[in-house]
>>> print(open('start.txt').read())   # compact mmCIF, C-alpha atoms
# COMPACT_ATOMS: atom_id res chain seq x y z
CA MET A 202 9.98 1.57 -5.06
CA THR A 203 7.08 3.05 -3.14
CA MET A 204 7.62 6.70 -3.99
CA ASN A 205 4.03 7.52 -4.83
CA PHE A 206 2.81 6.07 -1.56
CA HIS A 207 5.42 8.10 0.31
CA LYS A 208 4.38 11.34 -1.41
CA ILE A 209 0.66 10.63 -1.01
CA LYS A 210 1.11 9.84 2.68
CA GLU A 211 2.86 13.19 3.19
CA LEU A 212 0.06 15.06 1.41
CA ILE A 213 -2.61 13.26 3.43
CA CYS A 214 -0.83 14.05 6.69
CA LYS A 215 -0.74 17.74 5.76
CA SER A 216 -4.42 17.78 4.76
CA THR A 217 -7.35 19.03 6.82
CA LEU A 218 -8.70 15.49 7.30
CA SER A 219 -9.16 14.29 10.87
CA PRO A 220 -6.37 12.00 12.10
CA GLN A 221 -8.82 9.09 11.94
CA ASP A 222 -9.73 9.81 8.31
CA GLN A 223 -6.06 10.29 7.45
CA ASP A 224 -5.28 6.84 8.87
CA ASN A 225 -8.20 5.29 7.07
CA LEU A 226 -7.10 6.68 3.71
CA VAL A 227 -3.42 5.85 4.22
CA VAL A 228 -4.16 2.28 5.30
CA ALA A 229 -6.48 1.71 2.33
CA LEU A 230 -3.98 3.13 -0.15
CA SER A 231 -1.18 1.04 1.31
CA LEU A 232 -2.86 -1.97 -0.31
CA ALA A 233 -2.15 -0.54 -3.75
CA ASN A 234 1.25 -0.59 -5.40
CA ASP A 235 3.24 2.30 -6.80
CA ALA A 236 1.89 2.12 -10.35
CA GLU A 237 -1.70 1.97 -9.14
CA LEU A 238 -1.09 5.04 -7.00
CA GLU A 239 0.17 7.14 -9.91
CA PRO A 240 -3.26 8.66 -10.78
CA VAL A 241 -3.95 9.19 -7.06
CA ALA A 242 -0.70 11.08 -6.59
CA LYS A 243 -1.44 13.21 -9.65
CA LEU A 244 -4.86 14.16 -8.35
CA PHE A 245 -3.81 14.79 -4.75
CA PHE A 246 -0.93 17.00 -5.90
CA GLU A 247 -3.35 19.03 -7.96
CA SER A 248 -5.48 20.08 -5.00
CA HIS A 249 -6.09 19.19 -1.37
CA GLU A 250 -9.77 19.20 -2.18
CA TRP A 251 -9.36 15.88 -3.96
CA ILE A 252 -7.94 14.31 -0.80
CA GLU A 253 -11.11 15.27 1.07
CA LYS A 254 -13.37 14.14 -1.76
CA MET A 255 -11.63 10.77 -2.09
CA SER A 256 -11.64 10.26 1.66
CA MET A 257 -15.43 10.76 1.61
CA ASN A 258 -15.76 8.48 -1.40
CA LEU A 259 -13.74 5.77 0.34
CA LYS A 260 -15.79 6.06 3.55
CA ALA A 261 -19.06 5.82 1.61
CA LYS A 262 -17.80 2.69 -0.17
CA GLN A 263 -16.57 1.17 3.08
CA ALA A 264 -20.07 1.73 4.48
CA VAL A 265 -21.56 -0.13 1.50
CA ALA A 266 -19.05 -2.93 2.03
CA VAL A 267 -20.35 -3.27 5.59
CA SER A 268 -24.07 -2.88 4.85
CA GLN A 269 -23.89 -4.98 1.64
CA ASN A 270 -26.92 -3.00 0.55
CA PRO A 271 -27.28 -2.91 -3.26
CA ASP A 272 -29.62 0.11 -3.10
CA GLU A 273 -27.04 2.09 -1.18
CA TRP A 274 -24.47 1.17 -3.83
CA ARG A 275 -26.77 2.18 -6.70
CA ASN A 276 -27.35 5.58 -5.07
CA LEU A 277 -23.64 6.10 -4.58
CA LEU A 278 -22.90 5.13 -8.18
CA ALA A 279 -25.55 7.56 -9.47
CA GLN A 280 -24.09 10.31 -7.31
CA GLU A 281 -20.57 9.60 -8.60
CA GLU A 282 -21.79 9.62 -12.18
CA SER A 283 -23.51 12.99 -11.81
CA GLU A 284 -20.41 14.52 -10.14
CA LEU A 285 -18.16 13.20 -12.89
CA LYS A 286 -20.47 14.43 -15.63
CA LYS A 287 -20.16 17.93 -14.15
CA LEU A 288 -16.39 17.67 -14.56
CA GLU A 289 -16.80 16.70 -18.20
CA SER A 290 -18.85 19.76 -19.07
CA MET B 176 -62.64 -48.64 44.23
CA GLU B 177 -60.10 -46.24 42.83
CA SER B 178 -61.49 -42.95 41.61
CA PRO B 179 -60.40 -41.91 38.03
CA VAL B 180 -57.83 -39.12 37.78
CA THR B 181 -59.58 -35.95 36.92
CA PHE B 182 -58.09 -32.68 35.64
CA SER B 183 -59.75 -29.39 35.93
CA THR B 184 -60.56 -27.75 32.58
CA ASN B 185 -58.41 -24.86 33.57
CA LEU B 186 -55.32 -27.05 33.96
CA LEU B 187 -55.92 -28.80 30.61
CA THR B 188 -56.21 -25.49 28.81
CA LYS B 189 -52.95 -24.30 30.34
CA LEU B 190 -51.20 -27.54 29.29
CA ALA B 191 -52.52 -27.28 25.73
CA LYS B 192 -51.32 -23.70 25.46
CA LYS B 193 -47.88 -24.73 26.72
CA ILE B 194 -47.61 -27.54 24.12
CA MET B 195 -48.70 -25.17 21.34
CA SER B 196 -46.02 -22.67 22.32
CA ILE B 197 -43.17 -25.18 21.88
CA GLU B 198 -41.66 -24.64 18.45
CA ASN B 199 -41.68 -27.64 16.16
CA PRO B 200 -38.11 -28.04 14.91
CA PHE B 201 -39.33 -29.81 11.77
CA SER B 202 -41.84 -27.19 10.79
CA GLN B 203 -41.13 -25.21 7.60
CA PRO B 204 -40.56 -21.47 7.90
CA PRO B 205 -43.50 -19.45 6.70
CA GLN B 206 -43.68 -19.34 2.91
CA GLU B 207 -43.72 -15.55 2.88
CA SER B 208 -40.32 -15.01 4.57
CA GLN B 209 -38.71 -17.71 2.38
CA GLN B 210 -39.87 -15.82 -0.67
CA GLU B 211 -38.37 -12.65 0.77
CA ILE B 212 -34.88 -14.20 1.13
CA VAL B 213 -34.90 -15.52 -2.44
CA GLU B 214 -35.99 -12.27 -3.99
CA LYS B 215 -33.66 -9.88 -2.13
CA PRO B 216 -30.73 -9.11 -4.47
CA LYS B 217 -27.34 -9.59 -2.93
CA PHE B 218 -24.50 -7.09 -3.15
CA ASN B 219 -21.74 -8.52 -5.28
CA PRO B 220 -18.45 -6.57 -5.02
CA GLU B 221 -17.06 -7.82 -8.31
CA ARG B 222 -20.27 -6.98 -10.11
CA ALA B 223 -20.33 -3.56 -8.42
CA ILE B 224 -16.83 -2.76 -9.67
CA ASP B 225 -17.77 -3.97 -13.17
CA ASP B 226 -20.85 -1.73 -13.12
CA GLU B 227 -18.80 1.24 -11.99
CA ARG B 228 -16.21 0.60 -14.68
CA GLY B 229 -19.01 0.39 -17.25
CA VAL B 230 -20.28 3.82 -16.23
CA PHE B 231 -16.82 5.37 -16.11
CA GLU B 232 -15.71 4.04 -19.49
CA LYS B 233 -17.96 6.53 -21.23
CA LEU B 234 -16.24 9.49 -19.56
CA ARG B 235 -13.58 11.72 -21.06
CA GLY B 236 -10.82 14.10 -19.94
CA LYS B 237 -10.56 15.13 -16.31
CA ALA B 238 -13.63 13.10 -15.37
CA LYS B 239 -11.86 9.95 -16.55
CA ASP B 240 -8.80 10.69 -14.36
CA VAL B 241 -11.01 11.16 -11.31
CA ALA B 242 -13.04 8.05 -12.22
CA LYS B 243 -9.84 5.96 -12.23
CA VAL B 244 -9.17 6.98 -8.62
CA MET B 245 -12.79 6.34 -7.62
CA LEU B 246 -12.56 2.88 -9.13
CA LEU B 247 -9.44 2.21 -7.10
CA MET B 248 -11.30 3.34 -3.95
CA SER B 249 -14.03 0.80 -4.73
CA ALA B 250 -11.53 -1.98 -5.21
CA LEU B 251 -9.81 -1.05 -1.96
CA SER B 252 -13.13 -0.98 -0.09
CA PHE B 253 -14.96 -4.00 -1.50
CA ALA B 254 -12.36 -6.39 -2.76
CA PRO B 255 -8.69 -5.53 -2.22
CA GLY B 256 -7.89 -8.58 -4.34
CA MET B 257 -9.44 -6.77 -7.29
CA VAL B 258 -7.24 -3.68 -7.09
CA ARG B 259 -5.14 -4.95 -9.95
CA GLU B 260 -8.13 -5.69 -12.10
CA ALA B 261 -9.83 -2.39 -11.33
CA SER B 262 -6.85 -0.49 -12.68
CA ALA B 263 -6.83 -2.51 -15.89
CA GLY B 264 -4.44 -1.65 -18.66
CA GLN B 265 -1.31 -1.57 -16.54
CA SER B 266 0.90 -4.36 -15.28
CA PHE B 267 1.16 -4.56 -11.53
CA GLU B 268 3.13 -6.31 -8.87
CA GLU B 269 1.50 -8.00 -5.88
CA GLY B 270 0.13 -5.61 -3.25
CA ALA B 271 1.75 -5.25 0.14
CA THR B 272 0.60 -4.83 3.72
CA VAL B 273 1.11 -1.58 5.64
CA GLU B 274 3.91 -3.20 7.61
CA GLU B 275 5.62 -4.44 4.46
CA VAL B 276 5.32 -1.03 2.81
CA GLU B 277 6.72 0.71 5.87
CA ASN B 278 9.56 -1.79 6.24
CA GLU B 279 10.38 -1.43 2.58
CA GLN B 280 10.31 2.36 2.84
CA ALA B 281 12.55 2.31 5.90
CA ALA B 282 15.01 -0.04 4.18
CA GLU B 283 15.04 2.17 1.09
CA GLU B 284 15.61 5.30 3.19
CA ARG B 285 18.52 3.59 4.99
CA ALA B 286 19.99 2.54 1.66
CA ILE B 287 19.68 6.08 0.22
CA ASN B 288 21.27 7.58 3.34
CA PHE B 289 24.03 5.02 3.14
CA LEU B 290 24.70 5.89 -0.52
CA GLU B 291 25.05 9.51 0.52
CA ARG B 292 27.62 8.52 3.17
CA LEU B 293 29.36 6.22 0.70
CA SER B 294 29.79 9.07 -1.78
CA HIS B 295 32.03 10.74 0.85
CA ALA B 296 34.27 7.69 1.41
CA ARG B 297 37.85 8.92 1.56
CA ALA B 298 41.38 7.87 2.44
CA PRO B 299 43.03 8.91 5.74
CA GLU B 300 44.50 12.42 5.76
CA ARG B 301 48.09 11.16 6.06
CA ILE B 302 47.97 9.63 2.55
CA THR B 303 49.03 12.23 0.06
CA HIS B 304 49.80 10.22 -3.08
CA GLU B 305 46.86 10.65 -5.48
CA GLY B 306 46.75 7.05 -6.73
CA GLN B 307 47.09 5.60 -3.27
CA LYS B 308 44.51 8.03 -1.96
CA GLU B 309 41.95 6.74 -4.44
CA LEU B 310 42.72 3.09 -3.68
CA MET B 311 42.40 3.68 0.06
CA ALA B 312 39.11 5.54 -0.44
CA GLU B 313 37.79 2.57 -2.42
CA ARG B 314 38.94 0.22 0.32
CA ALA B 315 37.20 2.39 2.93
CA ALA B 316 34.02 2.20 0.84
CA LYS B 317 34.19 -1.61 0.74
CA VAL B 318 34.54 -1.73 4.53
CA MET B 319 31.52 0.60 4.79
CA ILE B 320 29.47 -1.71 2.56
CA GLN B 321 30.41 -4.73 4.72
CA ALA B 322 29.37 -2.80 7.83
CA PHE B 323 26.10 -1.82 6.16
CA ALA B 324 25.47 -5.49 5.33
CA ALA B 325 26.05 -6.35 9.01
CA GLN B 326 23.67 -3.60 10.11
CA GLU B 327 20.94 -4.77 7.72
CA LYS B 328 21.44 -8.38 8.83
CA VAL B 329 20.87 -7.41 12.47
CA LEU B 330 17.82 -5.30 11.58
CA ALA B 331 16.33 -8.08 9.44
CA SER B 332 16.63 -10.50 12.37
CA GLY B 333 14.59 -8.08 14.48
CA GLY B 334 17.38 -7.68 17.03
CA SER B 335 18.71 -4.54 18.65
CA LEU B 336 21.22 -2.81 16.40
CA LYS B 337 23.34 -1.64 19.30
CA GLU B 338 23.51 -5.08 20.95
CA GLY B 339 23.92 -6.91 17.67
CA MET B 340 26.83 -4.79 16.48
CA LYS B 341 28.46 -5.00 19.91
CA ALA B 342 28.21 -8.79 19.91
CA GLY B 343 29.70 -8.93 16.41
CA VAL B 344 27.97 -10.11 13.26
CA SER B 345 29.43 -12.53 10.77
CA VAL B 346 28.65 -11.38 7.26
CA THR B 347 28.43 -14.04 4.55
CA SER B 348 28.71 -13.44 0.82
CA GLU B 349 24.94 -13.99 0.66
CA ASP B 350 24.40 -11.10 3.12
CA VAL B 351 26.63 -8.85 1.02
CA GLN B 352 24.78 -9.85 -2.14
CA LYS B 353 21.45 -9.03 -0.49
CA VAL B 354 22.62 -5.59 0.60
CA LEU B 355 24.09 -4.88 -2.84
CA GLU B 356 20.68 -5.60 -4.37
CA GLN B 357 19.12 -3.22 -1.83
CA LEU B 358 21.65 -0.51 -2.73
CA ASN B 359 21.17 -1.14 -6.42
CA LYS B 360 17.42 -0.53 -6.06
CA ALA B 361 18.06 2.68 -4.13
CA THR B 362 20.52 4.19 -6.63
CA GLY B 363 17.75 5.51 -8.90
CA GLU B 364 16.08 7.41 -6.08
CA TYR B 365 19.46 8.59 -4.78
CA ALA B 366 20.35 9.97 -8.20
CA ASP B 367 16.99 11.74 -8.44
CA ARG B 368 17.25 13.19 -4.97
CA TYR B 369 20.87 14.33 -4.94
CA LEU B 370 21.91 14.73 -8.53
CA GLY B 371 18.94 14.92 -10.84
CA ASP B 372 17.03 18.00 -9.87
CA LYS B 373 18.94 21.17 -9.11
CA ASP B 374 17.29 24.60 -8.93
CA GLY B 375 14.11 23.06 -10.26
CA LYS B 376 15.89 22.05 -13.47
CA VAL B 377 16.77 18.48 -14.29
CA GLU B 378 20.54 18.58 -14.52
CA ALA B 379 21.32 15.10 -15.67
CA GLU B 380 19.48 12.08 -16.80
CA GLU B 381 19.45 9.40 -14.11
CA GLY B 382 21.54 6.93 -16.13
CA ASN B 383 24.18 9.51 -16.98
CA ALA B 384 24.34 10.68 -13.40
CA LEU B 385 24.90 7.13 -12.19
CA ARG B 386 27.57 6.49 -14.79
CA LYS B 387 29.35 9.68 -13.76
CA MET B 388 29.13 8.71 -10.11
CA SER B 389 30.50 5.22 -10.69
CA THR B 390 33.52 6.44 -12.64
CA GLU B 391 34.45 9.54 -10.67
CA ASN B 392 33.51 8.79 -7.09
CA PRO B 393 35.69 6.23 -5.24
CA GLY B 394 32.77 5.16 -3.04
CA PHE B 395 30.59 4.34 -6.02
CA LYS B 396 33.50 2.83 -7.94
CA ALA B 397 33.91 0.36 -5.06
CA LEU B 398 30.17 -0.31 -5.00
CA MET B 399 30.04 -1.00 -8.76
CA GLU B 400 33.08 -3.24 -8.49
CA MET B 401 31.44 -5.26 -5.72
CA MET B 402 28.20 -5.47 -7.69
CA GLY B 403 30.22 -6.90 -10.58
CA GLN B 404 31.89 -9.44 -8.32
CA TYR B 405 28.69 -10.66 -6.70
CA ARG B 406 26.61 -10.81 -9.88
>>> encode(input="start.txt", output="structure tokens")
Amino acid sequence: MTMNFHKIKELICKSTLSPQDQDNLVVALSLANDAELEPVAKLFFESHEWIEKMSMNLKAKQAVAVSQNPDEWRNLLAQEESELKKLES
Amino acid sequence: MESPVTFSTNLLTKLAKKIMSIENPFSQPPQESQQEIVEKPKFNPERAIDDERGVFEKLRGKAKDVAKVMLLMSALSFAPGMVREASAGQSFEEGATVEEVENEQAAEERAINFLERLSHARAPERITHEGQKELMAERAAKVMIQAFAAQEKVLASGGSLKEGMKAGVSVTSEDVQKVLEQLNKATGEYADRYLGDKDGKVEAEEGNALRKMSTENPGFKALMEMMGQYR
């Protein structure tokens, strides 16, 4: 069953993301299966803000995948770590 | 006496410059740029995901939940083949393409809608005897399942449903078995959607709901009977 994907897709379509960003996120998530999407569904249901944050995170990572620049990746990783540490405190 | 061929200095200089400008294909690239290529670290997606996992493993609570999703985003961006590995600790099936996911969703939706129709299978009005009424309703359900198998066969072949059904479709036992598997997969979702959650309160456990359906509803009784036959 692909229930999580179905629910996530609905949430993304209702979000404030541009149609292009919505497509980008939906297409990327379609590569994951239902069990892998469980934590995504949980987070996206919690708040629409997470949809925007994860869309930005995905786009930044896609940019690294294109540039193949290790420095860019290190910066992104450091940024992620500091954002996550804020959530911990 | 023949006079020796003479070149003006100007012409010789021009020729020398021309020869010097032709690149020697056997010459080695300058040492400096070679060094540059060797020293520049390459981006390794697998290593990147490992590094990210290493950082995230130290996190706790909400941060860990968010980190899991971020890790999935990395796997989806850098190496879709690593999605499974990135979400370690769970067992996963193979991933699917957008088209496969959408086809699967559409097939599941059709199966759920069909189950809803099947739950209303009934005998013709003229039959009044209770026992006969039930038998006829079950027979109607079996005919509906055969028709659903024909519909799915046409759709799977990529043909037009309208034309295919008009031309007539021969349904084999294999086709029926396939559609029964499809319906079997959809029963869980059907039970959740139509029976499980009423007024925000879970009314019945999925298994119990299905058992109730298969014993009390003639449409589902016929479906269960066919599933038994084709097992």
>>> residues_around(input="start.txt", residues="Met245 of chain B", least_positions_apart="6", cutoff="10 Å", atoms="all atoms listed in the file", output="MDAnalysis selection string")
(chainID A and resid 241 254:255 258:259 262 281) or (chainID B and resid 227:228 231 239 251 261)
>>> interface_residues(input="start.txt", of="chain A", to="chain B", cutoff="8 Å", atoms="all atoms listed in the file", output="PyMOL selection string")
chain A and resi 202-203+207+228-234+236-237+240-241+244+255+258-259+262-263+266+269-271+274+278+282+285-286+288-289
>>> closest_residue(input="start.txt", among="B:Leu293, B:Met388, B:Val344, B:Ile302", to="Ile320 of chain B", atoms="only C-alpha atoms")
B:Leu293
>>> atom_distance(input="start.txt", atom1="atom CA of Ala397 of chain B", atom2="atom CA of Ala316 of chain B")
6.2 Å
>>> atom_distance(input="start.txt", atom1="atom CA of Phe395 of chain B", atom2="atom CA of Val318 of chain B")
12.8 Å
>>> build_atoms(input="start.txt", residues="segment 225-256 of chain A", atoms="N, CA and C atoms", output="JSON list (two decimals), keeping the file's coordinate frame")
[["chain", "number", "residue", "atom", "x", "y", "z"],
["A", 225, "ASN", "N", -7.35, 6.15, 7.89],
["A", 225, "ASN", "CA", -8.20, 5.29, 7.07],
["A", 225, "ASN", "C", -7.76, 5.32, 5.61],
["A", 226, "LEU", "N", -7.49, 6.53, 5.11],
["A", 226, "LEU", "CA", -7.10, 6.68, 3.71],
["A", 226, "LEU", "C", -5.71, 6.08, 3.46],
["A", 227, "VAL", "N", -4.79, 6.36, 4.37],
["A", 227, "VAL", "CA", -3.42, 5.85, 4.22],
["A", 227, "VAL", "C", -3.41, 4.32, 4.23],
["A", 228, "VAL", "N", -4.13, 3.75, 5.20],
["A", 228, "VAL", "CA", -4.16, 2.28, 5.30],
["A", 228, "VAL", "C", -4.76, 1.67, 4.03],
["A", 229, "ALA", "N", -5.85, 2.26, 3.54],
["A", 229, "ALA", "CA", -6.48, 1.71, 2.33],
["A", 229, "ALA", "C", -5.52, 1.80, 1.15],
["A", 230, "LEU", "N", -4.88, 2.96, 1.00],
["A", 230, "LEU", "CA", -3.98, 3.13, -0.15],
["A", 230, "LEU", "C", -2.71, 2.28, -0.06],
["A", 231, "SER", "N", -2.38, 1.87, 1.16],
["A", 231, "SER", "CA", -1.18, 1.04, 1.31],
["A", 231, "SER", "C", -1.36, -0.33, 0.66],
["A", 232, "LEU", "N", -2.61, -0.68, 0.34],
["A", 232, "LEU", "CA", -2.86, -1.97, -0.31],
["A", 232, "LEU", "C", -2.57, -1.91, -1.81],
["A", 233, "ALA", "N", -2.42, -0.69, -2.32],
["A", 233, "ALA", "CA", -2.15, -0.54, -3.75],
["A", 233, "ALA", "C", -0.64, -0.40, -3.96],
["A", 234, "ASN", "N", -0.19, -0.75, -5.16],
["A", 234, "ASN", "CA", 1.25, -0.59, -5.40],
["A", 234, "ASN", "C", 1.54, 0.75, -6.08],
["A", 235, "ASP", "N", 2.81, 0.99, -6.32],
["A", 235, "ASP", "CA", 3.24, 2.30, -6.80],
["A", 235, "ASP", "C", 2.58, 2.73, -8.11],
["A", 236, "ALA", "N", 2.48, 1.78, -9.05],
["A", 236, "ALA", "CA", 1.89, 2.12, -10.35],
["A", 236, "ALA", "C", 0.41, 2.46, -10.20],
["A", 237, "GLU", "N", -0.27, 1.72, -9.35],
["A", 237, "GLU", "CA", -1.70, 1.97, -9.14],
["A", 237, "GLU", "C", -1.94, 3.32, -8.48],
["A", 238, "LEU", "N", -0.93, 3.77, -7.73],
["A", 238, "LEU", "CA", -1.09, 5.04, -7.00],
["A", 238, "LEU", "C", -0.74, 6.26, -7.84],
["A", 239, "GLU", "N", -0.23, 6.03, -9.03],
["A", 239, "GLU", "CA", 0.17, 7.14, -9.91],
["A", 239, "GLU", "C", -0.99, 8.14, -10.13],
["A", 240, "PRO", "N", -2.17, 7.68, -10.58],
["A", 240, "PRO", "CA", -3.26, 8.66, -10.78],
["A", 240, "PRO", "C", -3.71, 9.32, -9.48],
["A", 241, "VAL", "N", -3.57, 8.61, -8.36],
["A", 241, "VAL", "CA", -3.95, 9.19, -7.06],
["A", 241, "VAL", "C", -3.00, 10.33, -6.72],
["A", 242, "ALA", "N", -1.70, 10.06, -6.90],
["A", 242, "ALA", "CA", -0.70, 11.08, -6.59],
["A", 242, "ALA", "C", -0.93, 12.34, -7.44],
["A", 243, "LYS", "N", -1.21, 12.11, -8.71],
["A", 243, "LYS", "CA", -1.44, 13.21, -9.65],
["A", 243, "LYS", "C", -2.59, 14.10, -9.16],
["A", 244, "LEU", "N", -3.66, 13.45, -8.79],
["A", 244, "LEU", "CA", -4.86, 14.16, -8.35],
["A", 244, "LEU", "C", -4.65, 14.88, -7.02],
["A", 245, "PHE", "N", -4.02, 14.20, -6.08],
["A", 245, "PHE", "CA", -3.81, 14.79, -4.75],
["A", 245, "PHE", "C", -2.83, 15.97, -4.81],
["A", 246, "PHE", "N", -1.88, 15.90, -5.74],
["A", 246, "PHE", "CA", -0.93, 17.00, -5.90],
["A", 246, "PHE", "C", -1.62, 18.23, -6.47],
["A", 247, "GLU", "N", -2.62, 17.96, -7.29],
["A", 247, "GLU", "CA", -3.35, 19.03, -7.96],
["A", 247, "GLU", "C", -4.06, 19.92, -6.93],
["A", 248, "SER", "N", -4.75, 19.29, -6.02],
["A", 248, "SER", "CA", -5.48, 20.08, -5.00],
["A", 248, "SER", "C", -5.81, 19.22, -3.79],
["A", 249, "HIS", "N", -5.75, 19.88, -2.63],
["A", 249, "HIS", "CA", -6.09, 19.19, -1.37],
["A", 249, "HIS", "C", -7.56, 18.79, -1.33],
["A", 250, "GLU", "N", -8.34, 19.50, -2.14],
["A", 250, "GLU", "CA", -9.77, 19.20, -2.18],
["A", 250, "GLU", "C", -10.03, 17.76, -2.58],
["A", 251, "TRP", "N", -9.18, 17.26, -3.49],
["A", 251, "TRP", "CA", -9.36, 15.88, -3.96],
["A", 251, "TRP", "C", -9.12, 14.87, -2.83],
["A", 252, "ILE", "N", -8.23, 15.22, -1.92],
["A", 252, "ILE", "CA", -7.94, 14.31, -0.80],
["A", 252, "ILE", "C", -9.22, 14.16, 0.03],
["A", 253, "GLU", "N", -9.88, 15.31, 0.29],
["A", 253, "GLU", "CA", -11.11, 15.27, 1.07],
["A", 253, "GLU", "C", -12.21, 14.52, 0.34],
["A", 254, "LYS", "N", -12.32, 14.80, -0.97],
["A", 254, "LYS", "CA", -13.37, 14.14, -1.76],
["A", 254, "LYS", "C", -13.16, 12.63, -1.79],
["A", 255, "MET", "N", -11.90, 12.21, -2.00],
["A", 255, "MET", "CA", -11.63, 10.77, -2.09],
["A", 255, "MET", "C", -11.76, 10.08, -0.73],
["A", 256, "SER", "N", -11.47, 10.83, 0.32],
["A", 256, "SER", "CA", -11.64, 10.26, 1.66],
["A", 256, "SER", "C", -13.13, 9.99, 1.89]]
